[in-house]
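Student: Enclosed is the structure file final-v8.pdb (PDB, C-alpha atoms and all ligand atoms).
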```
ATOM      1  CA  MET A   1     121.433 105.018 104.210
ATOM      2  CA  GLU A   2     121.393 107.074 107.393
ATOM      3  CA  ALA A   3     118.562 105.693 109.421
ATOM      4  CA  VAL A   4     117.828 106.215 113.103
ATOM      5  CA  HIS A   5     115.815 103.639 115.086
ATOM      6  CA  GLU A   6     113.471 105.397 117.510
ATOM      7  CA  ASP A   7     110.978 103.242 119.340
ATOM      8  CA  CYS A   8     109.790 100.797 116.706
ATOM      9  CA  ILE A   9     110.071 103.059 113.677
ATOM     10  CA  VAL A  10     112.913 103.439 111.209
ATOM     11  CA  GLN A  11     113.309 107.167 110.634
ATOM     12  CA  ILE A  12     114.918 108.434 107.448
ATOM     13  CA  ARG A  13     116.472 111.833 107.955
ATOM     14  CA  ASP A  14     115.604 114.999 106.011
ATOM     15  CA  ASP A  15     119.148 115.123 104.603
ATOM     16  CA  GLU A  16     119.185 111.489 103.435
ATOM     17  CA  PRO A  17     120.858 111.714  99.994
ATOM     18  CA  GLY A  18     119.511 108.395  98.664
ATOM     19  CA  TYR A  19     121.363 106.465  95.967
ATOM     20  CA  ASN A  20     122.368 107.322  92.432
ATOM     21  CA  LEU A  21     119.926 105.777  89.932
ATOM     22  CA  ASN A  22     122.815 104.280  87.951
ATOM     23  CA  LYS A  23     123.739 102.067  90.884
ATOM     24  CA  PHE A  24     120.404 100.206  90.814
ATOM     25  CA  CYS A  25     118.213  98.548  88.165
ATOM     26  CA  ILE A  26     115.694 101.175  87.074
ATOM     27  CA  PRO A  27     113.415 100.761  84.041
ATOM     28  CA  ASN A  28     114.878 102.875  81.255
ATOM     29  CA  HIS A  29     111.570 104.639  80.642
ATOM     30  CA  TYR A  30     111.814 106.261  84.106
ATOM     31  CA  MET A  31     115.493 107.275  84.134
ATOM     32  CA  GLU A  32     114.742 110.954  83.452
ATOM     33  CA  ASP A  33     111.733 111.034  85.761
ATOM     34  CA  LEU A  34     113.375 110.268  89.101
ATOM     35  CA  GLU A  35     115.833 112.121  91.332
ATOM     36  CA  TYR A  36     117.288 109.155  93.227
ATOM     37  CA  VAL A  37     116.559 105.814  94.858
ATOM     38  CA  PHE A  38     115.270 106.549  98.343
ATOM     39  CA  ILE A  39     114.486 103.122  99.866
ATOM     40  CA  PRO A  40     115.905 100.137  97.958
ATOM     41  CA  HIS A  41     113.613  97.139  97.472
ATOM     42  CA  GLY A  42     115.729  94.854  99.657
ATOM     43  CA  LEU A  43     115.434  97.190 102.621
ATOM     44  CA  ILE A  44     111.654  97.383 102.167
ATOM     45  CA  MET A  45     111.509  93.577 102.271
ATOM     46  CA  ASP A  46     113.687  93.290 105.378
ATOM     47  CA  ARG A  47     111.623  95.841 107.261
ATOM     48  CA  THR A  48     108.363  94.215 106.131
ATOM     49  CA  GLU A  49     109.544  90.855 107.477
ATOM     50  CA  ARG A  50     110.016  92.419 110.903
ATOM     51  CA  LEU A  51     106.594  94.123 110.808
ATOM     52  CA  ALA A  52     105.009  90.730 110.040
ATOM     53  CA  ARG A  53     106.543  89.349 113.223
ATOM     54  CA  GLU A  54     105.248  92.242 115.339
ATOM     55  CA  ILE A  55     101.758  92.045 113.857
ATOM     56  CA  LEU A  56     101.484  88.297 114.509
ATOM     57  CA  ARG A  57     102.776  88.770 118.056
ATOM     58  CA  ASP A  58      99.968  91.275 118.798
ATOM     59  CA  MET A  59      97.111  89.957 116.670
ATOM     60  CA  GLY A  60      98.041  86.299 116.349
ATOM     61  CA  GLY A  61      95.502  84.853 118.803
ATOM     62  CA  HIS A  62      92.577  85.056 116.368
ATOM     63  CA  HIS A  63      91.579  84.977 112.734
ATOM     64  CA  ILE A  64      92.899  88.144 111.000
ATOM     65  CA  VAL A  65      91.178  89.855 108.074
ATOM     66  CA  ALA A  66      93.857  91.780 106.162
ATOM     67  CA  LEU A  67      92.254  94.725 104.343
ATOM     68  CA  CYS A  68      94.341  96.013 101.442
ATOM     69  CA  VAL A  69      93.921  99.685 100.520
ATOM     70  CA  LEU A  70      94.219  99.768  96.725
ATOM     71  CA  LYS A  71      95.969 100.479  94.577
ATOM     72  CA  GLY A  72      99.079 101.791  96.338
ATOM     73  CA  GLY A  73      99.040  99.192  99.108
ATOM     74  CA  TYR A  74      99.077  96.093  96.905
ATOM     75  CA  LYS A  75     102.849  95.392  96.907
ATOM     76  CA  PHE A  76     103.280  95.952 100.640
ATOM     77  CA  PHE A  77     100.144  93.866 101.241
ATOM     78  CA  ALA A  78     101.365  90.946  99.117
ATOM     79  CA  ASP A  79     104.861  90.916 100.644
ATOM     80  CA  LEU A  80     103.630  91.418 104.219
ATOM     81  CA  LEU A  81     101.167  88.540 103.849
ATOM     82  CA  ASP A  82     103.886  86.299 102.420
ATOM     83  CA  PHE A  83     105.956  86.921 105.538
ATOM     84  CA  ILE A  84     102.957  86.357 107.840
ATOM     85  CA  LYS A  85     102.194  83.103 105.986
ATOM     86  CA  ALA A  86     105.806  81.958 106.367
ATOM     87  CA  LEU A  87     105.643  82.594 110.136
ATOM     88  CA  ASN A  88     102.268  80.846 110.309
ATOM     89  CA  ARG A  89     103.476  77.666 108.636
ATOM     90  CA  ASN A  90     106.494  77.459 110.931
ATOM     91  CA  CYS A  91     104.778  77.720 114.300
ATOM     92  CA  ASP A  92     102.502  75.430 116.270
ATOM     93  CA  ARG A  93      99.786  78.031 116.923
ATOM     94  CA  SER A  94      98.994  79.233 113.414
ATOM     95  CA  ILE A  95      95.929  81.389 112.696
ATOM     96  CA  PRO A  96      93.697  81.748 109.636
ATOM     97  CA  LEU A  97      94.268  84.828 107.537
ATOM     98  CA  THR A  98      91.688  86.046 105.018
ATOM     99  CA  VAL A  99      91.861  89.034 102.680
ATOM    100  CA  ASP A 100      89.590  91.899 101.660
ATOM    101  CA  PHE A 101      90.170  94.877  99.384
ATOM    102  CA  ILE A 102      89.015  98.485  99.348
ATOM    103  CA  ARG A 103      89.828 101.133  96.762
ATOM    104  CA  LEU A 104      90.101 104.786  97.773
ATOM    105  CA  LYS A 105      90.998 107.840  95.717
ATOM    106  CA  SER A 106      92.266 111.151  97.079
ATOM    107  CA  TYR A 107      95.227 112.404  94.997
ATOM    108  CA  CYS A 108      95.647 114.225  91.682
ATOM    109  CA  ASN A 109      99.257 114.911  90.578
ATOM    110  CA  ASP A 110     101.192 115.262  93.855
ATOM    111  CA  GLN A 111      98.368 117.069  95.699
ATOM    112  CA  ALA A 112      95.592 115.752  97.941
ATOM    113  CA  THR A 113      92.213 116.733  96.496
ATOM    114  CA  GLY A 114      90.583 116.793  99.937
ATOM    115  CA  ASP A 115      87.824 114.599  98.513
ATOM    116  CA  ILE A 116      88.378 111.006  99.708
ATOM    117  CA  ARG A 117      86.104 108.541  97.992
ATOM    118  CA  VAL A 118      85.606 104.764  98.130
ATOM    119  CA  ILE A 119      85.611 103.762  94.476
ATOM    120  CA  GLY A 120      85.463  99.974  94.800
ATOM    121  CA  GLY A 121      86.194  96.875  96.820
ATOM    122  CA  ASP A 122      84.568  94.143  98.910
ATOM    123  CA  ASP A 123      81.380  94.446 100.943
ATOM    124  CA  LEU A 124      82.594  95.813 104.298
ATOM    125  CA  ALA A 125      79.640  94.205 106.124
ATOM    126  CA  SER A 126      81.709  90.992 106.229
ATOM    127  CA  LEU A 127      84.080  92.712 108.706
ATOM    128  CA  ALA A 128      81.536  92.678 111.549
ATOM    129  CA  GLY A 129      83.043  91.079 114.670
ATOM    130  CA  LYS A 130      86.412  90.460 112.948
ATOM    131  CA  ASN A 131      89.985  91.464 113.841
ATOM    132  CA  VAL A 132      90.920  93.697 110.935
ATOM    133  CA  LEU A 133      94.404  94.721 109.844
ATOM    134  CA  ILE A 134      94.318  97.667 107.418
ATOM    135  CA  VAL A 135      97.343  97.650 105.093
ATOM    136  CA  GLU A 136      98.178 101.051 103.559
ATOM    137  CA  ASP A 137     101.111 102.347 101.504
ATOM    138  CA  ILE A 138     101.636 105.820 102.970
ATOM    139  CA  ILE A 139     100.115 108.199 105.519
ATOM    140  CA  ASP A 140     100.579 111.882 104.791
ATOM    141  CA  THR A 141      97.996 114.149 106.439
ATOM    142  CA  GLY A 142      96.215 111.081 107.836
ATOM    143  CA  ARG A 143      92.872 112.212 106.408
ATOM    144  CA  THR A 144      92.464 109.146 104.192
ATOM    145  CA  MET A 145      93.005 106.775 107.103
ATOM    146  CA  GLN A 146      90.714 108.707 109.429
ATOM    147  CA  THR A 147      87.988 108.620 106.800
ATOM    148  CA  LEU A 148      88.448 104.873 106.351
ATOM    149  CA  LEU A 149      88.466 104.210 110.107
ATOM    150  CA  ASN A 150      85.241 106.176 110.537
ATOM    151  CA  LEU A 151      83.680 104.208 107.707
ATOM    152  CA  LEU A 152      84.767 100.858 109.178
ATOM    153  CA  LYS A 153      83.367 101.722 112.604
ATOM    154  CA  GLN A 154      79.869 101.511 111.136
ATOM    155  CA  TYR A 155      80.448  97.813 110.348
ATOM    156  CA  LYS A 156      81.372  96.986 113.980
ATOM    157  CA  PRO A 157      84.645  95.054 113.663
ATOM    158  CA  ASN A 158      85.981  93.532 116.915
ATOM    159  CA  MET A 159      89.408  95.173 116.530
ATOM    160  CA  VAL A 160      91.081  97.382 113.933
ATOM    161  CA  LYS A 161      94.869  97.784 113.624
ATOM    162  CA  VAL A 162      96.612  99.753 110.908
ATOM    163  CA  THR A 163      99.962  99.184 109.271
ATOM    164  CA  SER A 164     101.480 101.627 106.809
ATOM    165  CA  LEU A 165     104.775 101.078 105.038
ATOM    166  CA  LEU A 166     105.525 104.816 105.138
ATOM    167  CA  VAL A 167     104.488 107.849 107.166
ATOM    168  CA  LYS A 168     105.532 111.350 106.177
ATOM    169  CA  ARG A 169     107.095 113.591 108.758
ATOM    170  CA  ARG A 170     105.164 116.837 108.731
ATOM    171  CA  SER A 171     105.704 120.163 110.456
ATOM    172  CA  GLN A 172     102.210 119.948 111.893
ATOM    173  CA  THR A 173     101.482 117.090 114.308
ATOM    174  CA  PRO A 174     100.367 114.139 112.158
ATOM    175  CA  ALA A 175      96.626 113.709 112.257
ATOM    176  CA  TYR A 176      96.939 109.954 112.564
ATOM    177  CA  ARG A 177      99.688 107.538 113.635
ATOM    178  CA  PRO A 178      99.322 103.881 112.549
ATOM    179  CA  ASP A 179      99.988 100.927 114.876
ATOM    180  CA  TYR A 180     102.821  99.520 112.746
ATOM    181  CA  VAL A 181     105.044 101.732 110.584
ATOM    182  CA  GLY A 182     107.779 100.660 108.205
ATOM    183  CA  PHE A 183     109.630 103.943 107.696
ATOM    184  CA  GLU A 184     109.091 107.564 108.693
ATOM    185  CA  ILE A 185     110.236 109.688 105.755
ATOM    186  CA  PRO A 186     110.735 113.400 105.049
ATOM    187  CA  ASP A 187     107.946 115.354 103.344
ATOM    188  CA  LYS A 188     108.855 114.417  99.726
ATOM    189  CA  PHE A 189     106.691 112.906  96.990
ATOM    190  CA  VAL A 190     107.836 109.299  96.576
ATOM    191  CA  VAL A 191     106.933 106.698  93.952
ATOM    192  CA  GLY A 192     107.576 103.020  93.227
ATOM    193  CA  TYR A 193     106.768  99.735  94.984
ATOM    194  CA  ALA A 194     103.128 100.391  93.901
ATOM    195  CA  LEU A 195     103.087 104.059  94.986
ATOM    196  CA  ASP A 196     102.100 106.124  91.970
ATOM    197  CA  TYR A 197     102.010 109.554  90.434
ATOM    198  CA  ASN A 198      98.836 109.616  88.301
ATOM    199  CA  GLU A 199      99.106 105.807  87.908
ATOM    200  CA  TYR A 200     102.759 105.830  86.737
ATOM    201  CA  PHE A 201     105.743 104.327  88.613
ATOM    202  CA  ARG A 202     103.860 101.389  90.141
ATOM    203  CA  ASP A 203     106.119  99.254  87.899
ATOM    204  CA  LEU A 204     109.248 100.278  89.802
ATOM    205  CA  ASN A 205     110.753  98.060  92.527
ATOM    206  CA  HIS A 206     112.457 100.663  94.668
ATOM    207  CA  ILE A 207     110.889 103.651  96.401
ATOM    208  CA  CYS A 208     112.296 106.723  94.646
ATOM    209  CA  VAL A 209     111.895 110.498  94.758
ATOM    210  CA  ILE A 210     110.187 111.798  91.610
ATOM    211  CA  SER A 211     111.941 114.547  89.604
ATOM    212  CA  GLU A 212     110.402 117.797  88.323
ATOM    213  CA  ASN A 213     110.699 116.293  84.841
ATOM    214  CA  GLY A 214     108.657 113.280  85.960
ATOM    215  CA  LYS A 215     105.970 115.489  87.524
ATOM    216  CA  GLU A 216     105.683 117.523  84.347
ATOM    217  CA  LYS A 217     105.695 114.527  81.998
ATOM    218  CA  TYR A 218     102.915 112.608  83.768
ATOM    219  CA  LYS A 219     100.880 115.578  85.002
ATOM    220  CA  LYS A 220      97.092 115.514  84.418
TER     221      LYS A 220
HETATM  222  P1  LIG B 301      96.684 111.413 103.363
HETATM  223  O1  LIG B 301      95.196 111.324 103.336
HETATM  224  O2  LIG B 301      97.146 112.842 103.238
HETATM  225  O3  LIG B 301      97.297 110.738 104.549
HETATM  226  O4  LIG B 301      97.238 110.719 102.040
HETATM  227  C1  LIG B 301      97.325 109.329 101.924
HETATM  228  C2  LIG B 301      97.190 108.884 100.489
HETATM  229  O5  LIG B 301      97.758 109.878  99.608
HETATM  230  C3  LIG B 301      97.969 107.620 100.230
HETATM  231  O6  LIG B 301      97.144 106.495 100.354
HETATM  232  C4  LIG B 301      98.480 107.800  98.818
HETATM  233  O7  LIG B 301      97.524 107.325  97.905
HETATM  234  C5  LIG B 301      98.587 109.290  98.635
HETATM  235  N1  LIG B 301      99.965 109.815  98.832
HETATM  236  C6  LIG B 301     100.372 110.680  99.794
HETATM  237  N2  LIG B 301     101.682 110.966  99.666
HETATM  238  C7  LIG B 301     102.127 110.251  98.609
HETATM  239  C8  LIG B 301     103.419 110.101  97.986
HETATM  240  O8  LIG B 301     104.453 110.670  98.386
HETATM  241  N3  LIG B 301     103.459 109.271  96.903
HETATM  242  C9  LIG B 301     102.364 108.620  96.412
HETATM  243  N4  LIG B 301     101.160 108.723  96.981
HETATM  244  C10 LIG B 301     101.022 109.527  98.066
END
```
As structure tokens, how would this structure be written, given the file I've shared?
Tutor:
Amino acid sequence: MEAVHEDCIVQIRDDEPGYNLNKFCIPNHYMEDLEYVFIPHGLIMDRTERLAREILRDMGGHHIVALCVLKGGYKFFADLLDFIKALNRNCDRSIPLTVDFIRLKSYCNDQATGDIRVIGGDDLASLAGKNVLIVEDIIDTGRTMQTLLNLLKQYKPNMVKVTSLLVKRRSQTPAYRPDYVGFEIPDKFVVGYALDYNEYFRDLNHICVISENGKEKYKK
């Protein structure tokens, strides 16, 4: 893995070759549908542990409401919160952490539809006056996050921070940069670790690059 640390982000280069699928445990039903393993599960976990530390350092003074953006964010959310909980139970100044969920939809196949809709979740009115941490899987154009931030503003939270496991490097300036980023990746369509292609590949531990065969097979 050729990764460059710049500021607080781990950047994965455009020419990162990834890892041969045969060197990792991949469900057999996806073997033809992936190009290669891009970010192995262990690396995701190690990076997430570090993000948990940074988030608690900045937000740790008060009760945090962690808002999970479903469905793609659920694995990152669960693992991040496990690390935050572990830090919390091993320090003298622990803080309460509560959870909320929101479900958004914006993609069909590997394309953004441009129509970002809230299709479920908790009543956002409960976020008034709270310190909210939005937990997202990936930021591409940033439109989804900007839409969500505008929506949240109406409910008057005290503070909103955003963490995203991945951000895509784009030729245009990214429309939105989260407060805490796991990895900056090249502009490729990735799946696994709860990131999907038309609901498939959430049952894959590693983050992988989808193959043309996979796109065709699970296309809507
Ligand atoms: P944005 O609005 O363009 O930033 O897109 C963000 C949303 O698009 C994410 O929450 C994902 O649901 C989806 N998305 C964007 N790129 C990918 C990808 O490479 N794999 C899976 N989902 C993606």
Student: Translate the PyMOL selection byres (((chain A and resi 117) around 8) and not hetatm), as applied to the file shown, into an explicit residue set as JSON, numbers by chain.
Tutor: {"A": [104, 105, 106, 115, 116, 118, 119]}
Student: Quick one: everything within 12 Å of Ala128 (chain A), counting all atoms listed in the file, minus sequence neighbours fewer than 2 positions away in the same chain. Send it as an MDAnalysis selection string.
Tutor: chainID A and resid 65 123:126 130:132 152:160
Student: Kindly provide the residues of chain A that approach ligand LIG 301 (chain B) to within 6 Å, each paired with its closest atom pair and their distance in Å to one decimal, based on all atoms listed in the file, listed by chain and increasing number, as JSON lines.
Tutor:
```
{"residue": "A:Gly72", "atom": "CA", "partner": "B:LIG301", "partner_atom": "O7", "distance": 6.0}
{"residue": "A:Tyr107", "atom": "CA", "partner": "B:LIG301", "partner_atom": "O5", "distance": 5.8}
{"residue": "A:Asp137", "atom": "CA", "partner": "B:LIG301", "partner_atom": "O6", "distance": 5.9}
{"residue": "A:Ile138", "atom": "CA", "partner": "B:LIG301", "partner_atom": "C3", "distance": 4.9}
{"residue": "A:Ile139", "atom": "CA", "partner": "B:LIG301", "partner_atom": "O3", "distance": 3.9}
{"residue": "A:Asp140", "atom": "CA", "partner": "B:LIG301", "partner_atom": "O3", "distance": 3.5}
{"residue": "A:Thr141", "atom": "CA", "partner": "B:LIG301", "partner_atom": "O2", "distance": 3.6}
{"residue": "A:Gly142", "atom": "CA", "partner": "B:LIG301", "partner_atom": "O3", "distance": 3.5}
{"residue": "A:Arg143", "atom": "CA", "partner": "B:LIG301", "partner_atom": "O1", "distance": 4.0}
{"residue": "A:Thr144", "atom": "CA", "partner": "B:LIG301", "partner_atom": "O1", "distance": 3.6}
{"residue": "A:Lys188", "atom": "CA", "partner": "B:LIG301", "partner_atom": "O8", "distance": 5.9}
{"residue": "A:Phe189", "atom": "CA", "partner": "B:LIG301", "partner_atom": "O8", "distance": 3.5}
{"residue": "A:Val190", "atom": "CA", "partner": "B:LIG301", "partner_atom": "O8", "distance": 4.1}
{"residue": "A:Val191", "atom": "CA", "partner": "B:LIG301", "partner_atom": "N3", "distance": 5.2}
{"residue": "A:Leu195", "atom": "CA", "partner": "B:LIG301", "partner_atom": "C9", "distance": 4.8}
{"residue": "A:Asp196", "atom": "CA", "partner": "B:LIG301", "partner_atom": "C9", "distance": 5.1}
```
Student: Quick check, in Å to one decimal: how far apart do CA of Tyr197 (chain A) and CA of Gly73 (chain A) lie?
Tutor: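 Separating CA of Tyr197 (chain A) from CA of Gly73 (chain A) is a distance of 13.8 Å.
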Student: Could you tell me how far CA of Gly18 (chain A) lies from CA of Phe77 (chain A), in Å and to one decimal?
Tutor: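 Computing the Euclidean distance for CA of Gly18 (chain A) and CA of Phe77 (chain A) yields 24.3 Å.
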Student: Give the answer as one residue: which of A:Lys219, A:Asp33, A:Glu54, A:Ile207 has the shortest atom-to-atom distance to Tyr19 (chain A), using only C-alpha atoms?
Tutor: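 Looking only at the distances to Tyr19 (chain A), the closest residue turns out to be A:Ile207.
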Student: Evaluating the PyMOL selection byres (((chain A and resi 164) around 10) and not hetatm) on the displayed file yields which residues, as a PDB file with C-alpha atoms, in the coordinates of the input?
Tutor:
```
ATOM      1  CA  LEU A  51     106.594  94.123 110.808  1.00  0.00           C
ATOM      2  CA  GLY A  73      99.040  99.192  99.108  1.00  0.00           C
ATOM      3  CA  PHE A  76     103.280  95.952 100.640  1.00  0.00           C
ATOM      4  CA  PHE A  77     100.144  93.866 101.241  1.00  0.00           C
ATOM      5  CA  ILE A 134      94.318  97.667 107.418  1.00  0.00           C
ATOM      6  CA  VAL A 135      97.343  97.650 105.093  1.00  0.00           C
ATOM      7  CA  GLU A 136      98.178 101.051 103.559  1.00  0.00           C
ATOM      8  CA  ASP A 137     101.111 102.347 101.504  1.00  0.00           C
ATOM      9  CA  ILE A 138     101.636 105.820 102.970  1.00  0.00           C
ATOM     10  CA  ILE A 139     100.115 108.199 105.519  1.00  0.00           C
ATOM     11  CA  MET A 145      93.005 106.775 107.103  1.00  0.00           C
ATOM     12  CA  VAL A 162      96.612  99.753 110.908  1.00  0.00           C
ATOM     13  CA  THR A 163      99.962  99.184 109.271  1.00  0.00           C
ATOM     14  CA  LEU A 165     104.775 101.078 105.038  1.00  0.00           C
ATOM     15  CA  LEU A 166     105.525 104.816 105.138  1.00  0.00           C
ATOM     16  CA  VAL A 167     104.488 107.849 107.166  1.00  0.00           C
ATOM     17  CA  ARG A 177      99.688 107.538 113.635  1.00  0.00           C
ATOM     18  CA  PRO A 178      99.322 103.881 112.549  1.00  0.00           C
ATOM     19  CA  ASP A 179      99.988 100.927 114.876  1.00  0.00           C
ATOM     20  CA  TYR A 180     102.821  99.520 112.746  1.00  0.00           C
ATOM     21  CA  VAL A 181     105.044 101.732 110.584  1.00  0.00           C
ATOM     22  CA  GLY A 182     107.779 100.660 108.205  1.00  0.00           C
ATOM     23  CA  PHE A 183     109.630 103.943 107.696  1.00  0.00           C
ATOM     24  CA  GLU A 184     109.091 107.564 108.693  1.00  0.00           C
TER      25      GLU A 184
END
```
Student: May I ask for the distance between CA of Glu16 (chain A) and CA of Glu216 (chain A), given in Å to one decimal place?
Tutor: 24.1 Å
Student: Out of A:Gln11, A:Ile102, A:Gly192, A:Gly42, which residue has the shortest atom-to-atom distance to Leu204 (chain A) when counting all atoms listed in the file?
Tutor: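 Looking only at the distances to Leu204 (chain A), the closest residue turns out to be A:Gly192.
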Student: Calculated over all atoms listed in the file, which of the candidates A:Ile44, A:Cys208, A:Ile84, A:Ile12 has the smallest distance to Met59 (chain A)?
Tutor: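 Checking each of A:Ile44, A:Cys208, A:Ile84, A:Ile12 against Met59 (chain A), counting all atoms listed in the file, the winner is A:Ile84.
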Student: Would you mind listing what lies within 12 Å of Gly60 (chain A) as a compact mmCIF listing (two decimals) with C-alpha atoms, in the frame of the given file, with all atoms listed in the file counted and same-chain residues fewer than 2 positions away left out?
Tutor:
```
# COMPACT_ATOMS: atom_id res chain seq x y z
CA ALA A 52 105.01 90.73 110.04
CA ARG A 53 106.54 89.35 113.22
CA GLU A 54 105.25 92.24 115.34
CA ILE A 55 101.76 92.04 113.86
CA LEU A 56 101.48 88.30 114.51
CA ARG A 57 102.78 88.77 118.06
CA ASP A 58 99.97 91.28 118.80
CA HIS A 62 92.58 85.06 116.37
CA HIS A 63 91.58 84.98 112.73
CA ILE A 64 92.90 88.14 111.00
CA VAL A 65 91.18 89.86 108.07
CA ILE A 84 102.96 86.36 107.84
CA LYS A 85 102.19 83.10 105.99
CA LEU A 87 105.64 82.59 110.14
CA ASN A 88 102.27 80.85 110.31
CA CYS A 91 104.78 77.72 114.30
CA ASP A 92 102.50 75.43 116.27
CA ARG A 93 99.79 78.03 116.92
CA SER A 94 98.99 79.23 113.41
CA ILE A 95 95.93 81.39 112.70
CA PRO A 96 93.70 81.75 109.64
CA LEU A 97 94.27 84.83 107.54
CA ASN A 131 89.98 91.46 113.84
CA VAL A 132 90.92 93.70 110.94
CA LEU A 133 94.40 94.72 109.84
```
Student: Any idea what's packed within 12 Å of Lys215 (chain A), counting only C-alpha atoms, ignoring anything in its chain fewer than 3 positions away? Could you give it as a PyMOL selection string?
Tutor: chain A and resi 30+32-35+108-111+189-191+196-201+209-212+218-220
Student: Taking (108.3, 90.2, 104.6) in the file's own coordinates, collect the residues within 6 Å, counting only C-alpha atoms, and hand them back as a PyMOL selection string.
Tutor: chain A and resi 45+48-49+79-80+83
Student: Restrict the selected residues to C-alpha atoms and save them as a PDB file, keeping the file's coordinate frame.
Tutor:
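Contents of result-v5.pdb, as written:
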```pdb
ATOM      1  CA  MET A  45     111.509  93.577 102.271  1.00  0.00           C
ATOM      2  CA  THR A  48     108.363  94.215 106.131  1.00  0.00           C
ATOM      3  CA  GLU A  49     109.544  90.855 107.477  1.00  0.00           C
ATOM      4  CA  ASP A  79     104.861  90.916 100.644  1.00  0.00           C
ATOM      5  CA  LEU A  80     103.630  91.418 104.219  1.00  0.00           C
ATOM      6  CA  PHE A  83     105.956  86.921 105.538  1.00  0.00           C
TER       7      PHE A  83
END
```
Student: Missing atoms in region 142-155 of chain A should be modelled up to N, CA, C and O atoms and reported as an mmCIF file, in the coordinates of the input.
Tutor:
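What landed in out_15.cif:
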```cif
data_model
loop_
_atom_site.group_PDB
_atom_site.id
_atom_site.type_symbol
_atom_site.label_atom_id
_atom_site.label_comp_id
_atom_site.auth_asym_id
_atom_site.auth_seq_id
_atom_site.Cartn_x
_atom_site.Cartn_y
_atom_site.Cartn_z
ATOM 1 N N GLY A 142 96.987 112.011 107.014
ATOM 2 C CA GLY A 142 96.215 111.081 107.836
ATOM 3 C C GLY A 142 94.721 111.140 107.556
ATOM 4 O O GLY A 142 93.949 110.357 108.094
ATOM 5 N N ARG A 143 94.318 112.054 106.668
ATOM 6 C CA ARG A 143 92.872 112.212 106.408
ATOM 7 C C ARG A 143 92.264 110.959 105.781
ATOM 8 O O ARG A 143 91.160 110.557 106.136
ATOM 9 N N THR A 144 92.998 110.338 104.858
ATOM 10 C CA THR A 144 92.464 109.146 104.192
ATOM 11 C C THR A 144 92.194 108.059 105.232
ATOM 12 O O THR A 144 91.125 107.439 105.244
ATOM 13 N N MET A 145 93.164 107.847 106.125
ATOM 14 C CA MET A 145 93.005 106.775 107.103
ATOM 15 C C MET A 145 91.894 107.098 108.095
ATOM 16 O O MET A 145 91.118 106.219 108.471
ATOM 17 N N GLN A 146 91.788 108.363 108.498
ATOM 18 C CA GLN A 146 90.714 108.707 109.429
ATOM 19 C C GLN A 146 89.349 108.506 108.788
ATOM 20 O O GLN A 146 88.418 108.026 109.427
ATOM 21 N N THR A 147 89.252 108.833 107.509
ATOM 22 C CA THR A 147 87.988 108.620 106.800
ATOM 23 C C THR A 147 87.663 107.128 106.747
ATOM 24 O O THR A 147 86.529 106.707 107.004
ATOM 25 N N LEU A 148 88.678 106.319 106.439
ATOM 26 C CA LEU A 148 88.448 104.873 106.351
ATOM 27 C C LEU A 148 88.076 104.289 107.714
ATOM 28 O O LEU A 148 87.156 103.464 107.821
ATOM 29 N N LEU A 149 88.764 104.737 108.769
ATOM 30 C CA LEU A 149 88.466 104.210 110.107
ATOM 31 C C LEU A 149 87.039 104.560 110.525
ATOM 32 O O LEU A 149 86.331 103.732 111.107
ATOM 33 N N ASN A 150 86.614 105.784 110.206
ATOM 34 C CA ASN A 150 85.241 106.176 110.537
ATOM 35 C C ASN A 150 84.237 105.330 109.778
ATOM 36 O O ASN A 150 83.199 104.931 110.308
ATOM 37 N N LEU A 151 84.563 105.039 108.531
ATOM 38 C CA LEU A 151 83.680 104.208 107.707
ATOM 39 C C LEU A 151 83.585 102.790 108.292
ATOM 40 O O LEU A 151 82.493 102.224 108.427
ATOM 41 N N LEU A 152 84.742 102.239 108.667
ATOM 42 C CA LEU A 152 84.767 100.858 109.178
ATOM 43 C C LEU A 152 83.978 100.703 110.472
ATOM 44 O O LEU A 152 83.368 99.667 110.710
ATOM 45 N N LYS A 153 84.047 101.767 111.308
ATOM 46 C CA LYS A 153 83.367 101.722 112.604
ATOM 47 C C LYS A 153 81.902 101.319 112.450
ATOM 48 O O LYS A 153 81.352 100.574 113.254
ATOM 49 N N GLN A 154 81.288 101.801 111.365
ATOM 50 C CA GLN A 154 79.869 101.511 111.136
ATOM 51 C C GLN A 154 79.602 100.019 110.979
ATOM 52 O O GLN A 154 78.497 99.543 111.174
ATOM 53 N N TYR A 155 80.644 99.247 110.589
ATOM 54 C CA TYR A 155 80.448 97.813 110.348
ATOM 55 C C TYR A 155 80.798 96.964 111.572
ATOM 56 O O TYR A 155 80.809 95.748 111.516
#
```
